[in-house]
Structure formats: C-alpha cells, structure tokens
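Colleague: Pasting a structure below so you can have a look.
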Amino acid sequence: MKMIIAIVQDKDSNRLTDKLSENNLKTTKLSTTGGFLREGNTTFMIGCNDDEVDDALGIIKENCSQRDQMVAPISPMGGNADSYIPKPVKVEVGGATVFVLPIDSFFQF
Amino acid sequence: MKMIIAIVQDKDSNRLTDKLSENNLKTTKLSTTGGFLREGNTTFMIGCNDDEVDDALGIIKENCSQRDQMVAPISPMGGNADSYIPKPVKVEVGGATVFVLPIDSFFQF
Amino acid sequence: MKMIIAIVQDKDSNRLTDKLSENNLKTTKLSTTGGFLREGNTTFMIGCNDDEVDDALGIIKENCSQRDQMVAPISPMGGNADSYIPKPVKVEVGGATVFVLPIDSFFQF
Ligand code: NI
Ligand code: NI
Ligand code: NI
C-alpha cells in the first residue's frame with residue numbers, strides 16, 4: 001500500500017475525481033490553500049496498492065498537468081470600449097504536486 | 001512514533017474525538033470529502049507512540065465500524081398519506097478507512 | 001525528500017507562511033480543528049529536500065513556539081466598573097506539533 005498525496009488546482013479537481021473513480025481508485029479530498037498563490041487548491045489523498053501507483057500517477061498527469069490556456073483579457077476600465085479589441089493572452093493553468101508516501105498498514109472497519 | 005490517518009463518517013466524528021481524548025490520544029481533525037460519496041466525512045490525524053497504535057485502532061474500530069441501521073423511509077410524494085404505513089429500511093452507516101504511516105521524527109515546540 | 005506536517009495556531013499561521021515563502025519552502029495549508037481545543041488551527045504540509053528539513057524546523061520553532069502573553073482580562077459582568085482595575089494575566093499562546101514523514105517519490109506535473 002501507498003498513500004499518494006496530490007495537490008491540484010480547483011479547476012481540475014472534478015475531472016480528476018471522476019477519472020480516479022472510473023479506475024476504481026479511492027480518494028479523499030481536502031480543501032487546501034497554497035502558501036504562495038492566494039487561490040484555493042484541492043489535495044487528494046489516494047490510498048492504493050503498490051501496483052496501482054503508476055496508474056494513479058498517469059491519471060493525475062493526464063488531467064492536471066500545467067498547460068497554456070488562451071483567455072480573453074478584461075477590458076481596461078475607462079477605456080473606449082468601441083475601439084478596444086481584446087486580444088487573447090496566454091496563461092499557465094493546472095499543475096500538480098505529488099508525493100508518494102509509504103504505509104505501514106491499512107485497515108477497513 | 002506513527003501517524004494514523006483515519007477517514008470516518010461525520011456522524012461518528014464527535015464520539016471518536018471524545019473516546020480518543022479519554023485515552024489521551026492527541027488528534028487533529030480535517031473536514032474532507034469522499035471521492036465517491038457526495039457526503040462529508042472527517043479525517044483524523046493521530047500522532048502516537050508505537051505501543052499506542054493498537055489502542056487507537058481498537059477505539060476507531062469500536063466507534064466507527066460499518067453497521068446496519070433501521071431508518072424510517074421518506075413518504076412517497078403525491079401518495080395517499082393516510083393509507084401509507086412507512087416500513088423501516090435497513091441502511092449501512094459508519095465505516096472507517098485507516099492508514100498507519102511511519103514517522104521519521106517528531107517535535108513539539 | 002521529506003514531508004513536514006506542522007500543526008500550529010491560527011494566529012501564527014500568516015507569519016509562518018511568509019517566513020517559509022521567504023526561504024523558498026513550498027507549503028500547502030489545511031484548516032484543521034484540534035481534538036482537545038475547540039479553537040481552529042492550521043496544518044502546514046511542507047515538501048522539502050532532506051537538507052532543508054533543519055531550516056524548515058528552525059523557522060517553525062522561531063515563529064510558532066509556545067510562549068507567554070499578557071492579556072487584559074474581561075471586566076467581570078455586573079461588577080462596579082469604576083473601581084475595577086483590570087490586571088493583565090499571563091496566558092500561553094502558540095505551540096507547534098511537527099511530524100517529519102519519509103517520502104518514496106515526488107512528482108511535479
Ligand atoms: Ni492497474
Ligand atoms: Ni496503551
Ligand atoms: Ni538550507
């Protein structure tokens with residue numbers, strides 16, 4: 001048994017939950033806050049067998065990796081809205097920090 | 001030293017807190033969400049000496065094990081309330097998922 | 001790699017966050033509840049290299065240790081407010097419970 005602790009962005013949390021569930025990986029979620037970023041994130045605790053660790057890591061990587069996203073910028077306040085043509089800007093979203101911890105024993109009561 | 005991480009149903013949380021406290025086991029509680037069940041659960045982090053692990057596991061087992069409970073079902077909407085005799089149904093409640101983790105070192109400042 | 005789990009009082013949480021950040025230590029925060037104390041506390045999960053553990057422990061000790069604080073007591077209700085001279089009382093604040101856990105592997109996606 002291992003415990004995987006994965007810290008991901010809130011926006012990727014629901015998709016990750018679904019994908020882990022589809023693969024019969026049991027997870028418990030904690031609402032957490034990054035020390036740097038003000039924004040909220042979600043911490044997953046996943047208890048799994050040794051031979052399921054690679055599966056779980058693959059699912060996290062596939063669904064939560066850092067990637068670029070084009071977003072429409074907010075119009076500048078007080079500007080001339082008619083002449084302003086918003087140009088999408090590239091921002092980085094997602095990303096996962098993952099720890100695999102050893103477990104001495106596991107029980108289900 | 002070991003760290004016991006126990007995920008239990010919210011309904012068993014207060015009783016478990018009391019019983020651990022009566023046995024001088026120090027615990028920290030996190031509000032968590034199951035990946036499958038929508039309902040909330042509580043995660044206990046219990047730091048204890050090696051020779052206290054069995055005590056702690058016994059207390060969790062005694063107070064949080066999965067068991068059957070008879071509950072009165074909700075009356076069917078739009079049915080004839082006069083002729084409807086609710087028959088209690090058996091549901092499973094409780095249950096605990098428990099991990100025992102090794103600890104390298106422990107400090108109290 | 002190690003994972004440091006530090007449970008500190010809410011009142012020390014912001015200062016600890018800042019100091020860890022200044023020392024390039026990445027942290028994730030959880031809102032937690034003590035089993036004994038009713039009051040809230042904050043749990044820090046700090047992932048760091050083996051040679052950064054002493055730094056992190058020093059920062060936690062410096063910013064969260066238990067210490068005495070003089071506080072003005074609440075005036076007794078119904079007493080004669082004019083003749084009552086509040087005498088500051090000494091209370092213990094702060095304190096940190098810290099676990100250092102081994103980590104099998106670490107990933108950043
Ligand atoms: Ni597999
Ligand atoms: Ni004992
Ligand atoms: Ni250093």
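By convention here, the chains of the structure tokens are called A, B, ... in the order presented, each chain's residues are numbered starting at 1, and ligands are numbered starting at 1 in the order presented.
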Report as a ChimeraX atom specification all protein, DNA and RNA residues lying within 6 Å of segment 91-97 of chain C, evaluated on only C-alpha atoms, omitting residues in the same chain fewer than 4 positions from it.
Modeller: /B:108-109 /C:6-9,64-69
Colleague: Return the neighbours of chain B among the residues of chain A, cut-off 8 Å, counting only C-alpha atoms, as a count of residues only.
Modeller: 16
Colleague: How would you report the residues lying within 12 Å of ligand 3, as a ChimeraX atom specification, if you count only C-alpha atoms and all ligand atoms?
Modeller: /C:20,23-25,48-59
Colleague: Among chain C, which residues carry a DSSP assignment of helix (DSSP H, G or I), reported as a list of chain:residue names?
Modeller: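 Those residues are C:Asp10, C:Lys11, C:Asp12, C:Ser13, C:Asn14, C:Arg15, C:Leu16, C:Thr17, C:Asp18, C:Lys19, C:Leu20, C:Ser21, C:Glu22, C:Asp50, C:Asp51, C:Glu52, C:Val53, C:Asp54, C:Asp55, C:Ala56, C:Leu57, C:Gly58, C:Ile59, C:Ile60, C:Lys61, C:Glu62, C:Asn63, C:Cys64.
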Colleague: Keeping C-alpha atoms, export the residues of the selection given above as a compact mmCIF listing (two decimals), in the first residue's frame.
Modeller:
# COMPACT_ATOMS: atom_id res chain seq x y z
CA ASP C 10 -4.23 30.14 13.53
CA LYS C 11 -2.67 33.31 14.98
CA ASP C 12 0.82 32.17 13.91
CA SER C 13 -0.25 30.91 10.50
CA ASN C 14 0.25 34.03 8.37
CA ARG C 15 3.68 34.80 9.79
CA LEU C 16 4.81 31.21 9.25
CA THR C 17 3.53 31.28 5.67
CA ASP C 18 5.55 34.43 4.95
CA LYS C 19 8.75 33.13 6.55
CA LEU C 20 8.60 29.76 4.75
CA SER C 21 7.99 31.58 1.48
CA GLU C 22 10.95 33.91 2.06
CA ASP C 50 16.41 16.30 3.15
CA ASP C 51 18.91 19.13 3.60
CA GLU C 52 16.12 21.69 4.01
CA VAL C 53 14.40 19.94 6.92
CA ASP C 54 16.51 21.66 9.59
CA ASP C 55 15.84 25.05 8.01
CA ALA C 56 12.10 24.41 7.98
CA LEU C 57 12.07 23.14 11.58
CA GLY C 58 14.04 26.22 12.69
CA ILE C 59 11.54 28.55 11.02
CA ILE C 60 8.59 26.76 12.62
CA LYS C 61 10.26 26.84 16.05
CA GLU C 62 11.11 30.52 15.74
CA ASN C 63 7.64 31.62 14.68
CA CYS C 64 5.26 29.25 16.42
Colleague: Might you pull out every residue within 6 Å of Met70 of chain B, with only C-alpha atoms counted and same-chain residues fewer than 6 positions away left off, and present them as a PDB file with C-alpha atoms, in the first residue's frame?
Modeller:
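The new file part.pdb reads:
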ATOM      1  CA  PRO B  88     -38.277   0.960   8.361  1.00  0.00           C
ATOM      2  CA  VAL B  89     -35.493   0.089   5.958  1.00  0.00           C
ATOM      3  CA  LYS B  90     -32.021  -1.118   6.754  1.00  0.00           C
TER       4      LYS B  90
END
Colleague: As an exercise, work out the distance from atom CA of Val71 of chain C to atom CA of Phe44 of chain C in Å and give it to one decimal place.
Modeller: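 Atom CA of Val71 of chain C sits 27.3 Å away from atom CA of Phe44 of chain C.
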Colleague: What's the separation between atom CA of Met1 of chain C and atom CA of Ile46 of chain B, in Å to one decimal place?
Modeller: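 Atom-to-atom, atom CA of Met1 of chain C and atom CA of Ile46 of chain B are spaced 22.3 Å apart.
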